[in-house]
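Here the structure is laid out as structure tokens; the discussion comes afterwards.
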Amino acid sequence: MYIVVGGTGFLGAYVVQCIVDKTKERVLVVARKPVSYENVGGITDSIQFKHCNVVSREDIDNLITEINMTEEPCKIIYLAASLHPEEVERNPWNSWNTNVISLEYLLSGMKRIEAFIFASTDSVYGSGTLEHRFREDERLAPVNLYGTQKMARESIVNHYGYSVLRYSLMLGPSIIKGKKHFYDNLVETLKSGKQVELFEDSYRSTIDFRTAAELTVKLLLEKKESLPSVLNIAGDEALSKYDVGRQIAKRLGVSEELLIPIKVSDGGHIYNASRAACTLLDNSKLKKLLNLSEIKMQFEV
Ligand SMILES: NC(=O)c1ccc[n+]([C@@H]2O[C@H](COP(=O)([O-])OP(=O)(O)OC[C@H]3O[C@@H](n4cnc5c(N)ncnc54)[C@H](OP(=O)(O)O)[C@@H]3O)[C@@H](O)[C@H]2O)c1
């Protein structure tokens with residue numbers, strides 16, 4: 001059985017879809033409210049939903065009981081988070097509770113399971129340069145509280161002997177019915193011939209949700225016995241959101257003049273919490289583990 005905590009989010013939806021496509025195992029989606037997925041439908045025979053607000057002790061106790069009573073081998077992909085840096089900084093104690101305390105409480109009550117993967121972020125590394133790709137063993141220096149909380153969560157997960165996946169920025173169409181992602185809005189804006197402002201000087205090893213989900217499930221299918229304690233999940237290319245816009249414009253056949261490049265220093269009206277301008281990840285460990293020669297962002301339009 002797979003348990004996807006936060007399986008109703010953008011990445012989680014692709015993870016659930018990928019598990020259904022690639023395995024015959026039962027999937028338990030854990031979140032506060034159920035959603036319907038494109039192409040998979042809603043809750044089916046193989047996908048079940050369990051309500052759980054991770055800040056509720058009662059809800060987590062229920063989840064722990066369900067996990068501990070399950071006789072099937074159990075693999076958990078833990079994606080739930082308070083993840084918007086502004087929100088985390090506005091409510092530091094609430095987000096600490098959602099992100100850190102609840103995770104420790106779950107892990108301390110759970111029996112040892114077949115695999116547990118925790119979704120972390122490139123934000124734990126902090127600011128880098130275009131010339132440098134962060135390796136998993138480098139010193140961490142997050143520039144905001146979201147990154148600091150992820151760092152604390154990584155230590156807890158590793159303490160219990162489980163694995164951390166550090167994802168780079170992920171973008172892509174949402175496959176959750178009725179919920180749009182920034183990427184969907186970007187595609188729609190360009191299709192309607194309207195202009196859009198995009199950061200041109202903030203670079204990430206950006207990857208699409210589908211590829212990230214496929215890599216995650218592949219790791220569990222092929223390498224669950226030899227997962228490293230920390231692994232970067234990232235694309236090969238350094239891409240700014242402006243670069244992503246250019247690729248989408250090209251595929252849509254619309255003019256690149258609709259894209260207005262802006263600089264991070266101009267973005268005070270968009271972000272309040274600090275952001276690293278450039279964080280690139282070394283993905284060689286991931287490629288070696290899965291025997292891959294390249295990992296490219298897919299631009300679905
Ligand atoms: N998106 C990115 O670019 C990116 C990059 C690096 C790492 N990550 C990490 O990847 C993970 C998934 O990201 P995402 O973009 O898919 O985020 P998302 O769309 O916001 O999904 C978050 C999920 O967590 C659940 N959740 C939030 N608060 C919860 C609570 N109190 N109790 C139970 N469930 C809760 C949400 O469901 P409900 O609200 O219904 O409960 C949802 O299923 C996160 O851990 C994020 O930090 C994301």
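Here, A, B, ... name the chains of the structure tokens in the order displayed, residue numbers run from 1 inside each chain, and ligands are numbered from 1 in the same displayed order.
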
Worksheet item: Ser168 in chain A: which residues within 6 Å, counting only C-alpha atoms, same-chain residues fewer than 5 positions away excluded, as a VMD selection string?
Response: chain A and resid 122 205 to 206 234

Item to complete: Find the residues around Thr211 in chain A up to 8 Å (only C-alpha atoms counted), leave out those fewer than 3 positions away in its own chain, and share them as a list in words.
Response: Ile207, Asp208, Glu214, Leu215, Met297 and Gln298 of chain A

Selection above as a file: N, CA and C atoms, as a PDB file, in the first residue's frame:
```pdb
ATOM      1  N   ILE A 207      11.917  21.681 -12.887  1.00  0.00           N
ATOM      2  CA  ILE A 207      11.461  20.399 -13.425  1.00  0.00           C
ATOM      3  C   ILE A 207       9.928  20.439 -13.413  1.00  0.00           C
ATOM      4  N   ASP A 208       9.305  19.620 -14.237  1.00  0.00           N
ATOM      5  CA  ASP A 208       7.835  19.596 -14.246  1.00  0.00           C
ATOM      6  C   ASP A 208       7.327  18.573 -13.226  1.00  0.00           C
ATOM      7  N   GLU A 214       7.212  10.959 -11.503  1.00  0.00           N
ATOM      8  CA  GLU A 214       7.681   9.686 -12.079  1.00  0.00           C
ATOM      9  C   GLU A 214       9.004   9.250 -11.454  1.00  0.00           C
ATOM     10  N   LEU A 215       9.884  10.218 -11.227  1.00  0.00           N
ATOM     11  CA  LEU A 215      11.174   9.880 -10.606  1.00  0.00           C
ATOM     12  C   LEU A 215      10.956   9.372  -9.178  1.00  0.00           C
ATOM     13  N   MET A 297      13.054  19.209 -18.295  1.00  0.00           N
ATOM     14  CA  MET A 297      11.697  19.708 -18.007  1.00  0.00           C
ATOM     15  C   MET A 297      10.821  19.502 -19.244  1.00  0.00           C
ATOM     16  N   GLN A 298       9.620  18.945 -19.034  1.00  0.00           N
ATOM     17  CA  GLN A 298       8.651  18.783 -20.123  1.00  0.00           C
ATOM     18  C   GLN A 298       7.692  19.972 -20.077  1.00  0.00           C
TER      19      GLN A 298
END
```

Fewer than 6 positions away in the same chain doesn't count, so skip those; otherwise give me all residues within 12 Å of Leu220 in chain A, counting only C-alpha atoms, as a PDB file with C-alpha atoms, in the first residue's frame.
```
ATOM      1  CA  MET A   1       0.000   0.000   0.000  1.00  0.00           C
ATOM      2  CA  TYR A   2       1.096   3.564  -0.783  1.00  0.00           C
ATOM      3  CA  VAL A  15       2.303  10.974  -7.671  1.00  0.00           C
ATOM      4  CA  CYS A  18       1.756   7.589 -11.434  1.00  0.00           C
ATOM      5  CA  ILE A  19       1.244   4.959  -8.690  1.00  0.00           C
ATOM      6  CA  LYS A  22       2.515   1.748 -12.597  1.00  0.00           C
ATOM      7  CA  THR A  23       1.298  -0.526  -9.817  1.00  0.00           C
ATOM      8  CA  CYS A  74       3.481   0.285   3.600  1.00  0.00           C
ATOM      9  CA  LYS A  75       5.260   3.040   1.673  1.00  0.00           C
ATOM     10  CA  ILE A  76       4.639   6.657   2.653  1.00  0.00           C
ATOM     11  CA  ILE A  77       5.315   9.686   0.473  1.00  0.00           C
ATOM     12  CA  GLU A 114       8.884  -0.455   4.161  1.00  0.00           C
ATOM     13  CA  ALA A 115       9.752   3.062   2.961  1.00  0.00           C
ATOM     14  CA  PHE A 116       9.155   6.671   3.939  1.00  0.00           C
ATOM     15  CA  ILE A 117      10.029   9.511   1.590  1.00  0.00           C
ATOM     16  CA  SER A 163      14.891   9.373   3.140  1.00  0.00           C
ATOM     17  CA  LEU A 165      14.135  14.076  -1.498  1.00  0.00           C
ATOM     18  CA  ALA A 213       6.436  12.357  -9.670  1.00  0.00           C
ATOM     19  CA  GLU A 214       7.681   9.686 -12.079  1.00  0.00           C
ATOM     20  CA  SER A 226      19.068   1.481  -1.250  1.00  0.00           C
ATOM     21  CA  LEU A 227      17.633   4.993  -1.029  1.00  0.00           C
ATOM     22  CA  PRO A 228      20.222   7.497   0.195  1.00  0.00           C
ATOM     23  CA  LEU A 289      20.946   5.650  -9.076  1.00  0.00           C
ATOM     24  CA  LEU A 290      18.297   5.373 -11.792  1.00  0.00           C
TER      25      LEU A 290
END
```

Discussion item. Around ligand 1, out to 8 Å and counting only C-alpha atoms and all ligand atoms, which residues are there? I want them as number ranges by chain.
Written reply: A: 5-13, 30-35, 51-55, 78-83, 98, 118-123, 150, 166-171, 209

Item to complete: Would you list, as a VMD selection string, the residues of range 113-267 of chain A that end up in alpha helix (DSSP H) under DSSP run on this structure's backbone?
Response: chain A and resid 145 to 159 182 to 191 209 to 223 241 to 252

Could you list, as a tab-separated table (two decimals) with C-alpha atoms, in the first residue's frame, every residue within 9 Å of Val40 in chain A, counting only C-alpha atoms and ignoring same-chain residues fewer than 5 positions away?
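Below is the file around26.tsv, written as the result:
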```
chain	number	residue	atom	x	y	z
A	16	VAL	CA	-1.11	9.34	-7.15
A	17	GLN	CA	-1.67	9.14	-10.92
A	20	VAL	CA	-2.12	4.00	-10.23
```

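Shortest atom-to-atom contact with Val4 in chain A among A:Ser36, A:Thr216, A:Asn158, A:Asn91: A:Thr216, counting only C-alpha atoms.
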
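Using only C-alpha atoms, the shortest contact distance between Lys191 in chain A and any of A:Gly178, A:Gly172, A:Gly245, A:Gly235 is found at A:Gly245.
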
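CA of Ser255 in chain A lies 16.9 Å from CA of Glu200 in chain A.
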
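Compared by their closest atoms to Phe199 in chain A, and using only C-alpha atoms, the residues A:Lys177, A:Lys218, A:Arg153, A:Lys241 rank with A:Lys241 nearest.
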
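The spacing separating CA of Ile113 in chain A from CA of Lys24 in chain A amounts to 19.0 Å.
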
Practice prompt. Using CA of Ile175 in chain A and CA of Gln48 in chain A as the two end points, give the distance in Å to one decimal.
Written response: 17.4 Å

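Each of A:Tyr203, A:Phe299, A:Phe182, A:Tyr146 was compared to Lys263 in chain A using only C-alpha atoms, and A:Tyr203 turns out to be the nearest.
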
Within 7 Å of Val124 in chain A, counting only C-alpha atoms, which residues qualify if same-chain residues fewer than 2 places away don't, as a PDB file with C-alpha atoms, in the first residue's frame?
```pdb
ATOM      1  CA  THR A 121      13.209  21.618  -1.184  1.00  0.00           C
ATOM      2  CA  ASP A 122      16.142  23.338  -2.878  1.00  0.00           C
ATOM      3  CA  GLY A 126      20.086  29.050   0.144  1.00  0.00           C
ATOM      4  CA  LEU A 140      22.801  24.258   4.223  1.00  0.00           C
ATOM      5  CA  ALA A 141      22.047  27.982   4.517  1.00  0.00           C
ATOM      6  CA  PRO A 142      18.362  28.708   3.910  1.00  0.00           C
ATOM      7  CA  GLY A 147      13.802  26.597   4.196  1.00  0.00           C
ATOM      8  CA  THR A 148      14.780  26.501   7.878  1.00  0.00           C
ATOM      9  CA  LYS A 150      12.428  22.038   5.923  1.00  0.00           C
ATOM     10  CA  MET A 151      15.965  21.671   7.273  1.00  0.00           C
TER      11      MET A 151
END
```

Discussion item. Need to verify the contact set: Glu138 in chain A, 12 Å, only C-alpha atoms, exclusion of same-chain residues closer than 2 positions in sequence. Can you return it as a VMD selection string?
Written reply: chain A and resid 122 124 to 126 128 132 to 136 140 to 141 230 to 232 281 to 282

Worksheet entry | Filtered DSSP result for range 49-267 of chain A, state strand (DSSP E or B), as a count of residues only | 41

Item to complete: Using only C-alpha atoms, find the one residue out of A:Glu222, A:Ser174, A:Gln195, A:Tyr105 that sits nearest to Asn39 in chain A.
Response: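 Ranking A:Glu222, A:Ser174, A:Gln195, A:Tyr105 by distance to Asn39 in chain A, first place goes to A:Ser174.
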